[in-house]
Amino acid sequence: MSHRFFDHTADVGVDIRAPSRDALFTEALRAFTDTLLPLDRLETPGPVEREISLTADSLEDLLVAWLEELLFLFEVDSLLFSGAGVRVEEGPDGGPGPGPDPESFRLHATARGEVYDPERHPLKVLIKGVTYHELTVEETPNGWWARVIFDI
Amino acid sequence: MSQGKRSRSHGSSGDHKGNGKVPIERIDDVRWRIPRHGGMRVDGLVFADGPMMEDIRKDQSLQQVANVAHLPGILSASIAMPDIHWGYGFPIGGVAAMDPDEGVISPGGVGYDINCGVRLLRSQLTREELAPHLRAVVTRLYNNIPTGVGSSRQDLRLSDKDLRKVLTRGARWAVEEGLGEPQDLERLEEGGALPGADPDVVSERAFDRGRRQLGSLGSGNHFAEIQYVAEIFDQEAASAFGLFPGQVTVMIHSGSRGLGHQVCSEHLKEMVKAAAKHGIQLPDKQLCCAPIRSPEGQRYMAAMAAAANFAFGNRQVMTHWARESFAEALELPPARLGIEVVYDVCHNIAKFETFEVTEKAPRGARPKGKKGKKGGARREVRALVHRKGATRAYPAGHPQVPEPYRHVGQPVMIPGDMGRYSYVLAGEEGAFTETFGSSCHGAGRRMSRHQAKKAARGRSLLRELEDQGVVVMAAGLRTVAEEMPEAYKDVSEVVDVVARAGISRKVAQLRPLGVVKG
């Protein structure tokens, strides 16, 4: 698993690689946190645990929803995550409601981290949003890769 | 939707290919036309001089100008200001006016930071009077105005009820709470509150993100800057705006913070579906939009107006704390300081506005209906104007220009970088006839953040700026490196083009003395 940052004018892009789809989402979390501060500043595993469940119509939308959730938890609850166990499922969600279920993607994650402490956690930048520009989630012969650009 | 395991659903056209394929014709010294082609409904109209156009061609922004011209109901032209650069879907520096009946509204045409804008305050202080207290004032500003993440003031805790009032009443709410003077409200675009805001369409998540952020600067290119009036170009307008040489001013650049971002993100998703539902063909998914009259369009308009009002409230609260900072540091009564609002402009917004245009104008336009006669009859056009990185610039005589400024035109504030200068302009008639009352908004970056950090390596930027007489306090040193003066283009070149084009004229140049960054 790895991620590599690239420059995108005023913003920051990241390419994420992982052997499996689940691992790709775990690495996306690490890339998100790494954008904010050096990952080695965080305890692993951290003392705080959060269960996160999300659904989306596509894998790309699920990736954006996942990163937006992490942004929300950072901004509102001051949580920084260093790792997560992630399970991504696809197919009809079988939920209640009229009409046919759209084919959907679901994510269940247990994220671990700690509460942001300005003394111990020097921030590199702040992420303001997760964009759709060049957004990609793809399976390749060598595993999975994703590209996402953060608005900062 | 069946995507399988390989998918690339959001790729946009022209990535990393520059503008090589976009046809562009020079109209005159500062005007360029992208002739209507393919699915474009109108021409593109770009304001730039020759060297600027060389630069603009290097990124995808001209393609984005052409893409915006595809949107249903777009009037006259897809317009770009000289500070145009690559954005998400819409270019930054773009103006798109839509027919109220047939047009669309697009969150991408407003941007993530809804009602990001600039407020300028004037004082009765001179640069010399401030000099011995400068560091103290910058320190107070830095302490009083929360910057960076999670930073908020304990004495401003908003209940949901309060926040709902902010979302409907904007700056007015803050003044009613004692965070400002009633006359402040007379000198804000739209009086500091957009009509039609509905807190009920703003999600709980947006409320959560906004609750602690009112009165905070944020990060990136946002700032609060103490400046002095270095040069006056138009004495009559400067006097009307209350500006004199050597005078201390304060400029605040900020927006709607996490609340606005949340509104934008949520509606982008909704609009991707809405565009498909309404059969709108888009060259780039990030231009996603909905008919203005559709339920999706109306919902976004109401949420966007609420977020815009949050931003107006945000800048008003910071204004109050800026006044307190000066009073504390100088130990002078507020009356002696005379800190008053010059004006407050939005540069990421969509609003209904009314224009009187001649049949043949705006230039480069294709008027609806009959062909225009030369110098033809004037008619009124109501339009929904998207300004993404563009500033309203109404001319003299317009009823929406505050009475004390009406004989000279609306003040337009154009921030530069923290080492050189910023400008105050006045709106001109040309903006009304050509650009739906719009002008430029800033300098634009010359270097990426990474390039700037590299260029800053081994240097003490704080020391360098201090040697130039600028005291900088920032939550993170990285921000200072990324935002250093040479990372930005020279804003005077941008301002020269809009002046030569007759969109707005130069009134005063402001130079920095102290800067607070997130």
# chains A, B, ... in the order shown; residues from 1 in each chain; ligands from 1
>>> select_by_dssp(residues="segment 246-306 of chain B", states="helix (DSSP H, G or I)", output="PyMOL selection string")
chain B and resi 257-277+285-287+295-306
>>> write_last_selection(atoms="C-alpha atoms", output="PDB file, in the first residue's frame")
ATOM      1  CA  ARG B 257     -15.846  28.254   5.887  1.00  0.00           C
ATOM      2  CA  GLY B 258     -16.884  24.589   6.395  1.00  0.00           C
ATOM      3  CA  LEU B 259     -20.575  25.417   6.181  1.00  0.00           C
ATOM      4  CA  GLY B 260     -20.278  26.714   2.627  1.00  0.00           C
ATOM      5  CA  HIS B 261     -18.061  23.818   1.590  1.00  0.00           C
ATOM      6  CA  GLN B 262     -20.574  21.353   2.941  1.00  0.00           C
ATOM      7  CA  VAL B 263     -23.439  23.039   1.050  1.00  0.00           C
ATOM      8  CA  CYS B 264     -21.400  22.975  -2.167  1.00  0.00           C
ATOM      9  CA  SER B 265     -20.341  19.325  -1.808  1.00  0.00           C
ATOM     10  CA  GLU B 266     -23.872  18.132  -1.109  1.00  0.00           C
ATOM     11  CA  HIS B 267     -25.391  20.046  -3.988  1.00  0.00           C
ATOM     12  CA  LEU B 268     -22.716  18.993  -6.473  1.00  0.00           C
ATOM     13  CA  LYS B 269     -23.888  15.418  -5.880  1.00  0.00           C
ATOM     14  CA  GLU B 270     -27.518  16.374  -6.237  1.00  0.00           C
ATOM     15  CA  MET B 271     -26.833  18.379  -9.390  1.00  0.00           C
ATOM     16  CA  VAL B 272     -25.046  15.504 -11.150  1.00  0.00           C
ATOM     17  CA  LYS B 273     -28.328  13.601 -10.869  1.00  0.00           C
ATOM     18  CA  ALA B 274     -30.435  16.672 -11.658  1.00  0.00           C
ATOM     19  CA  ALA B 275     -28.505  17.395 -14.869  1.00  0.00           C
ATOM     20  CA  ALA B 276     -29.116  13.837 -16.049  1.00  0.00           C
ATOM     21  CA  LYS B 277     -32.767  14.005 -15.038  1.00  0.00           C
ATOM     22  CA  LYS B 285     -19.402  16.671 -14.991  1.00  0.00           C
ATOM     23  CA  GLN B 286     -18.212  19.397 -12.662  1.00  0.00           C
ATOM     24  CA  LEU B 287     -20.443  21.842 -14.548  1.00  0.00           C
ATOM     25  CA  PRO B 295     -36.872  22.038  -7.431  1.00  0.00           C
ATOM     26  CA  GLU B 296     -33.164  21.114  -7.367  1.00  0.00           C
ATOM     27  CA  GLY B 297     -32.199  24.561  -8.640  1.00  0.00           C
ATOM     28  CA  GLN B 298     -34.433  26.308  -6.130  1.00  0.00           C
ATOM     29  CA  ARG B 299     -33.078  24.214  -3.263  1.00  0.00           C
ATOM     30  CA  TYR B 300     -29.501  25.048  -4.148  1.00  0.00           C
ATOM     31  CA  MET B 301     -30.340  28.760  -4.513  1.00  0.00           C
ATOM     32  CA  ALA B 302     -31.872  28.782  -1.017  1.00  0.00           C
ATOM     33  CA  ALA B 303     -28.953  26.868   0.530  1.00  0.00           C
ATOM     34  CA  MET B 304     -26.351  28.944  -1.308  1.00  0.00           C
ATOM     35  CA  ALA B 305     -27.986  32.181  -0.120  1.00  0.00           C
ATOM     36  CA  ALA B 306     -27.902  30.845   3.457  1.00  0.00           C
TER      37      ALA B 306
END
>>> interface_residues(of="chain A", to="chain B", cutoff="7 Å", atoms="only C-alpha atoms", output="VMD selection string")
chain A and resid 7 to 10 75 to 76 78 102 to 103 124 126 128 to 129 132 to 139 152
>>> write_last_selection(atoms="N, CA, C and O atoms", output="PDB file, in the first residue's frame")
ATOM      1  N   ASP A   7       1.275  17.794  -7.289  1.00  0.00           N
ATOM      2  CA  ASP A   7       0.883  19.185  -7.248  1.00  0.00           C
ATOM      3  C   ASP A   7      -0.294  19.451  -8.162  1.00  0.00           C
ATOM      4  O   ASP A   7      -0.306  18.980  -9.286  1.00  0.00           O
ATOM      5  N   HIS A   8      -1.242  20.194  -7.718  1.00  0.00           N
ATOM      6  CA  HIS A   8      -2.299  20.595  -8.623  1.00  0.00           C
ATOM      7  C   HIS A   8      -2.614  22.059  -8.399  1.00  0.00           C
ATOM      8  O   HIS A   8      -3.475  22.385  -7.589  1.00  0.00           O
ATOM      9  N   THR A   9      -1.919  22.926  -9.088  1.00  0.00           N
ATOM     10  CA  THR A   9      -1.966  24.394  -8.900  1.00  0.00           C
ATOM     11  C   THR A   9      -2.103  24.732  -7.419  1.00  0.00           C
ATOM     12  O   THR A   9      -1.184  24.486  -6.661  1.00  0.00           O
ATOM     13  N   ALA A  10      -3.247  25.255  -7.009  1.00  0.00           N
ATOM     14  CA  ALA A  10      -3.365  25.694  -5.626  1.00  0.00           C
ATOM     15  C   ALA A  10      -3.741  24.537  -4.693  1.00  0.00           C
ATOM     16  O   ALA A  10      -3.839  24.728  -3.492  1.00  0.00           O
ATOM     17  N   GLU A  75     -13.064  18.189  11.344  1.00  0.00           N
ATOM     18  CA  GLU A  75     -13.498  19.570  11.576  1.00  0.00           C
ATOM     19  C   GLU A  75     -14.421  19.705  12.777  1.00  0.00           C
ATOM     20  O   GLU A  75     -14.331  20.654  13.537  1.00  0.00           O
ATOM     21  N   VAL A  76     -15.324  18.729  12.929  1.00  0.00           N
ATOM     22  CA  VAL A  76     -16.356  18.872  13.952  1.00  0.00           C
ATOM     23  C   VAL A  76     -15.951  18.203  15.267  1.00  0.00           C
ATOM     24  O   VAL A  76     -16.147  18.755  16.342  1.00  0.00           O
ATOM     25  N   SER A  78     -12.714  16.992  15.841  1.00  0.00           N
ATOM     26  CA  SER A  78     -11.252  17.085  16.007  1.00  0.00           C
ATOM     27  C   SER A  78     -10.572  15.713  16.033  1.00  0.00           C
ATOM     28  O   SER A  78      -9.648  15.492  16.803  1.00  0.00           O
ATOM     29  N   PRO A 102     -31.011   0.899  -6.400  1.00  0.00           N
ATOM     30  CA  PRO A 102     -29.918   1.120  -7.335  1.00  0.00           C
ATOM     31  C   PRO A 102     -28.768   0.200  -6.938  1.00  0.00           C
ATOM     32  O   PRO A 102     -28.631  -0.155  -5.776  1.00  0.00           O
ATOM     33  N   GLU A 103     -27.979  -0.151  -7.913  1.00  0.00           N
ATOM     34  CA  GLU A 103     -26.801  -0.926  -7.569  1.00  0.00           C
ATOM     35  C   GLU A 103     -25.918  -0.005  -6.741  1.00  0.00           C
ATOM     36  O   GLU A 103     -25.600   1.098  -7.148  1.00  0.00           O
ATOM     37  N   LYS A 124       0.185  20.501   8.325  1.00  0.00           N
ATOM     38  CA  LYS A 124       0.847  20.969   7.101  1.00  0.00           C
ATOM     39  C   LYS A 124      -0.082  21.922   6.352  1.00  0.00           C
ATOM     40  O   LYS A 124       0.296  23.009   5.947  1.00  0.00           O
ATOM     41  N   LEU A 126      -4.667  22.658   5.706  1.00  0.00           N
ATOM     42  CA  LEU A 126      -6.032  22.246   6.026  1.00  0.00           C
ATOM     43  C   LEU A 126      -6.720  21.857   4.733  1.00  0.00           C
ATOM     44  O   LEU A 126      -6.564  22.530   3.714  1.00  0.00           O
ATOM     45  N   LYS A 128     -10.104  21.662   2.699  1.00  0.00           N
ATOM     46  CA  LYS A 128     -11.425  22.302   2.765  1.00  0.00           C
ATOM     47  C   LYS A 128     -12.497  21.446   2.115  1.00  0.00           C
ATOM     48  O   LYS A 128     -13.661  21.523   2.468  1.00  0.00           O
ATOM     49  N   GLY A 129     -12.102  20.664   1.134  1.00  0.00           N
ATOM     50  CA  GLY A 129     -13.100  19.857   0.448  1.00  0.00           C
ATOM     51  C   GLY A 129     -12.447  18.757  -0.378  1.00  0.00           C
ATOM     52  O   GLY A 129     -11.239  18.788  -0.626  1.00  0.00           O
ATOM     53  N   TYR A 132     -14.169  16.409  -7.278  1.00  0.00           N
ATOM     54  CA  TYR A 132     -14.436  15.351  -8.252  1.00  0.00           C
ATOM     55  C   TYR A 132     -13.456  15.403  -9.420  1.00  0.00           C
ATOM     56  O   TYR A 132     -13.542  14.602 -10.333  1.00  0.00           O
ATOM     57  N   HIS A 133     -12.553  16.363  -9.385  1.00  0.00           N
ATOM     58  CA  HIS A 133     -11.672  16.546 -10.539  1.00  0.00           C
ATOM     59  C   HIS A 133     -10.685  15.392 -10.672  1.00  0.00           C
ATOM     60  O   HIS A 133      -9.985  15.069  -9.720  1.00  0.00           O
ATOM     61  N   GLU A 134     -10.662  14.781 -11.838  1.00  0.00           N
ATOM     62  CA  GLU A 134      -9.779  13.640 -12.131  1.00  0.00           C
ATOM     63  C   GLU A 134     -10.005  12.468 -11.183  1.00  0.00           C
ATOM     64  O   GLU A 134      -9.142  11.593 -11.054  1.00  0.00           O
ATOM     65  N   LEU A 135     -11.120  12.472 -10.510  1.00  0.00           N
ATOM     66  CA  LEU A 135     -11.407  11.411  -9.559  1.00  0.00           C
ATOM     67  C   LEU A 135     -11.420  10.057 -10.264  1.00  0.00           C
ATOM     68  O   LEU A 135     -12.110   9.878 -11.258  1.00  0.00           O
ATOM     69  N   THR A 136     -10.656   9.121  -9.752  1.00  0.00           N
ATOM     70  CA  THR A 136     -10.545   7.801 -10.382  1.00  0.00           C
ATOM     71  C   THR A 136     -10.443   6.716  -9.324  1.00  0.00           C
ATOM     72  O   THR A 136      -9.742   6.887  -8.325  1.00  0.00           O
ATOM     73  N   VAL A 137     -11.146   5.613  -9.551  1.00  0.00           N
ATOM     74  CA  VAL A 137     -10.920   4.387  -8.777  1.00  0.00           C
ATOM     75  C   VAL A 137     -10.861   3.279  -9.808  1.00  0.00           C
ATOM     76  O   VAL A 137     -11.790   3.124 -10.613  1.00  0.00           O
ATOM     77  N   GLU A 138      -9.788   2.516  -9.822  1.00  0.00           N
ATOM     78  CA  GLU A 138      -9.579   1.586 -10.925  1.00  0.00           C
ATOM     79  C   GLU A 138      -8.865   0.335 -10.452  1.00  0.00           C
ATOM     80  O   GLU A 138      -7.947   0.409  -9.642  1.00  0.00           O
ATOM     81  N   GLU A 139      -9.266  -0.802 -11.024  1.00  0.00           N
ATOM     82  CA  GLU A 139      -8.519  -2.034 -10.768  1.00  0.00           C
ATOM     83  C   GLU A 139      -7.537  -2.219 -11.919  1.00  0.00           C
ATOM     84  O   GLU A 139      -7.915  -2.094 -13.084  1.00  0.00           O
ATOM     85  N   ILE A 152      -7.728  22.849  -0.966  1.00  0.00           N
ATOM     86  CA  ILE A 152      -7.124  23.298   0.294  1.00  0.00           C
ATOM     87  C   ILE A 152      -6.994  24.824   0.367  1.00  0.00           C
ATOM     88  O   ILE A 152      -7.333  25.501  -0.552  1.00  0.00           O
TER      89      ILE A 152
END
>>> residues_around(residues="Ala499 of chain B", least_positions_apart="6", cutoff="10 Å", atoms="only C-alpha atoms", output="PyMOL selection string")
chain B and resi 30+425-428+430+439+493+505-506
>>> residues_around(residues="Arg21 of chain A", least_positions_apart="2", cutoff="12 Å", atoms="only C-alpha atoms", output="MDAnalysis selection string")
(chainID A and resid 1 16:19 23:28 59:60 62:63 85:90 105 107 137:140 142:146) or (chainID B and resid 5:6)
>>> select_by_dssp(residues="chain A", states="strand (DSSP E or B)", output="JSON, numbers by chain")
{"A": [2, 3, 4, 5, 6, 7, 8, 11, 12, 13, 14, 15, 16, 17, 18, 48, 49, 50, 51, 52, 53, 54, 55, 56, 79, 80, 81, 82, 83, 84, 85, 86, 87, 88, 89, 90, 91, 104, 105, 106, 107, 108, 109, 110, 111, 112, 113, 114, 115, 129, 130, 136, 137, 138, 139, 140, 143, 144, 145, 146, 147, 148, 149, 150, 151]}
>>> atom_distance(atom1="atom CA of Val202 of chain B", atom2="atom CA of Ser53 of chain A")
22.1 Å
>>> residues_around(residues="segment 387-389 of chain B", least_positions_apart="4", cutoff="12 Å", atoms="only C-alpha atoms", output="PyMOL selection string")
chain B and resi 65+68+78-98+105-118+345-353+393+414-415+435-444
>>> residues_around(residues="Leu36 of chain A", least_positions_apart="2", cutoff="7 Å", atoms="only C-alpha atoms", output="PyMOL selection string")
chain A and resi 32-34+123-126
>>> write_last_selection(atoms="all heavy atoms", output="short mmCIF file (atom, residue, chain, number, x, y, z; two decimals), in the first residue's frame")
data_model
loop_
_atom_site.label_atom_id
_atom_site.label_comp_id
_atom_site.auth_asym_id
_atom_site.auth_seq_id
_atom_site.Cartn_x
_atom_site.Cartn_y
_atom_site.Cartn_z
N PHE A 32 -5.25 10.84 3.38
CA PHE A 32 -5.98 12.02 3.89
C PHE A 32 -5.26 12.59 5.11
O PHE A 32 -4.97 13.79 5.18
CB PHE A 32 -7.42 11.61 4.26
CG PHE A 32 -8.22 12.71 4.91
CD1 PHE A 32 -8.90 13.64 4.14
CD2 PHE A 32 -8.25 12.83 6.29
CE1 PHE A 32 -9.62 14.67 4.74
CE2 PHE A 32 -8.97 13.86 6.90
CZ PHE A 32 -9.66 14.77 6.12
N THR A 33 -4.96 11.71 6.07
CA THR A 33 -4.32 12.17 7.30
C THR A 33 -2.92 12.71 7.00
O THR A 33 -2.51 13.74 7.55
CB THR A 33 -4.25 11.02 8.32
OG1 THR A 33 -5.57 10.49 8.49
CG2 THR A 33 -3.73 11.49 9.67
N ASP A 34 -2.21 12.03 6.09
CA ASP A 34 -0.85 12.44 5.74
C ASP A 34 -0.83 13.81 5.07
O ASP A 34 0.17 14.53 5.11
CB ASP A 34 -0.24 11.37 4.81
CG ASP A 34 1.27 11.49 4.71
OD1 ASP A 34 1.89 12.17 5.58
OD2 ASP A 34 1.85 10.92 3.77
N LEU A 123 0.09 20.94 11.86
CA LEU A 123 -0.61 20.69 10.59
C LEU A 123 0.18 21.26 9.42
O LEU A 123 0.77 22.33 9.50
CB LEU A 123 -2.00 21.31 10.63
CG LEU A 123 -2.96 20.71 11.65
CD1 LEU A 123 -4.29 21.45 11.63
CD2 LEU A 123 -3.19 19.22 11.38
N LYS A 124 0.18 20.50 8.33
CA LYS A 124 0.85 20.97 7.10
C LYS A 124 -0.08 21.92 6.35
O LYS A 124 0.30 23.01 5.95
CB LYS A 124 1.19 19.78 6.20
CG LYS A 124 2.21 18.83 6.81
CD LYS A 124 2.73 17.84 5.78
CE LYS A 124 1.91 16.57 5.76
NZ LYS A 124 2.49 15.51 4.91
N VAL A 125 -1.29 21.48 6.13
CA VAL A 125 -2.32 22.30 5.48
C VAL A 125 -3.67 21.90 6.05
O VAL A 125 -3.77 20.91 6.76
CB VAL A 125 -2.39 22.07 3.94
CG1 VAL A 125 -1.15 22.55 3.24
CG2 VAL A 125 -2.67 20.62 3.62
N LEU A 126 -4.67 22.66 5.71
CA LEU A 126 -6.03 22.25 6.03
C LEU A 126 -6.72 21.86 4.73
O LEU A 126 -6.56 22.53 3.71
CB LEU A 126 -6.80 23.40 6.67
CG LEU A 126 -6.35 23.77 8.08
CD1 LEU A 126 -7.24 24.87 8.62
CD2 LEU A 126 -6.43 22.55 8.98
#
>>> atom_distance(atom1="atom CA of Glu331 of chain B", atom2="atom CA of Leu188 of chain B")
28.3 Å
>>> atom_distance(atom1="atom CA of Gly103 of chain B", atom2="atom CA of Ile292 of chain B")
6.1 Å
>>> decode(residues="segment 282-292 of chain B", atoms="all heavy atoms", output="compact mmCIF listing (two decimals), in the first residue's frame")
# COMPACT_ATOMS: atom_id res chain seq x y z
N LEU B 282 -23.48 17.84 -20.67
CA LEU B 282 -22.38 18.62 -20.12
C LEU B 282 -21.04 18.10 -20.63
O LEU B 282 -20.80 16.90 -20.63
CB LEU B 282 -22.38 18.51 -18.58
CG LEU B 282 -23.61 19.08 -17.87
CD1 LEU B 282 -23.57 18.70 -16.39
CD2 LEU B 282 -23.68 20.58 -18.03
N PRO B 283 -20.14 19.02 -21.02
CA PRO B 283 -18.81 18.59 -21.45
C PRO B 283 -17.92 18.19 -20.27
O PRO B 283 -16.90 17.55 -20.46
CB PRO B 283 -18.25 19.82 -22.16
CG PRO B 283 -19.00 20.97 -21.63
CD PRO B 283 -20.34 20.47 -21.20
N ASP B 284 -18.29 18.56 -19.07
CA ASP B 284 -17.51 18.23 -17.88
C ASP B 284 -18.51 18.07 -16.74
O ASP B 284 -19.34 18.96 -16.52
CB ASP B 284 -16.52 19.38 -17.60
CG ASP B 284 -15.68 19.15 -16.34
OD1 ASP B 284 -15.98 18.23 -15.55
OD2 ASP B 284 -14.72 19.93 -16.15
N LYS B 285 -18.42 16.95 -16.04
CA LYS B 285 -19.40 16.67 -14.99
C LYS B 285 -19.42 17.73 -13.89
O LYS B 285 -20.42 17.93 -13.22
CB LYS B 285 -19.09 15.31 -14.37
CG LYS B 285 -20.28 14.39 -14.43
CD LYS B 285 -19.98 13.04 -13.85
CE LYS B 285 -21.18 12.15 -14.09
NZ LYS B 285 -20.90 10.75 -13.89
N GLN B 286 -18.28 18.40 -13.73
CA GLN B 286 -18.21 19.40 -12.66
C GLN B 286 -19.00 20.66 -12.99
O GLN B 286 -19.12 21.55 -12.15
CB GLN B 286 -16.76 19.75 -12.37
CG GLN B 286 -16.01 18.57 -11.80
CD GLN B 286 -14.54 18.87 -11.64
OE1 GLN B 286 -14.07 19.05 -10.55
NE2 GLN B 286 -13.83 18.94 -12.74
N LEU B 287 -19.53 20.73 -14.21
CA LEU B 287 -20.44 21.84 -14.55
C LEU B 287 -21.88 21.47 -14.18
O LEU B 287 -22.81 22.17 -14.57
CB LEU B 287 -20.38 22.14 -16.05
CG LEU B 287 -19.07 22.63 -16.63
CD1 LEU B 287 -19.17 22.75 -18.14
CD2 LEU B 287 -18.69 23.97 -16.03
N CYS B 288 -22.04 20.38 -13.44
CA CYS B 288 -23.38 19.89 -13.13
C CYS B 288 -24.26 21.04 -12.64
O CYS B 288 -23.82 21.93 -11.92
CB CYS B 288 -23.31 18.76 -12.12
SG CYS B 288 -22.57 19.22 -10.56
N CYS B 289 -25.53 20.97 -13.07
CA CYS B 289 -26.42 22.11 -12.83
C CYS B 289 -27.86 21.65 -12.94
O CYS B 289 -28.12 20.50 -13.30
CB CYS B 289 -26.15 23.18 -13.88
SG CYS B 289 -26.27 22.56 -15.57
N ALA B 290 -28.77 22.54 -12.64
CA ALA B 290 -30.19 22.25 -12.80
C ALA B 290 -30.88 23.52 -13.26
O ALA B 290 -30.39 24.62 -12.99
CB ALA B 290 -30.78 21.79 -11.47
N PRO B 291 -32.00 23.38 -13.97
CA PRO B 291 -32.73 24.59 -14.35
C PRO B 291 -33.02 25.45 -13.11
O PRO B 291 -33.36 24.91 -12.05
CB PRO B 291 -34.03 24.05 -14.95
CG PRO B 291 -33.67 22.68 -15.44
CD PRO B 291 -32.65 22.17 -14.47
N ILE B 292 -32.89 26.76 -13.26
CA ILE B 292 -33.11 27.66 -12.13
C ILE B 292 -34.48 27.40 -11.51
O ILE B 292 -34.63 27.40 -10.29
CB ILE B 292 -32.99 29.14 -12.59
CG1 ILE B 292 -31.56 29.41 -13.06
CG2 ILE B 292 -33.39 30.09 -11.48
CD1 ILE B 292 -31.38 30.73 -13.81
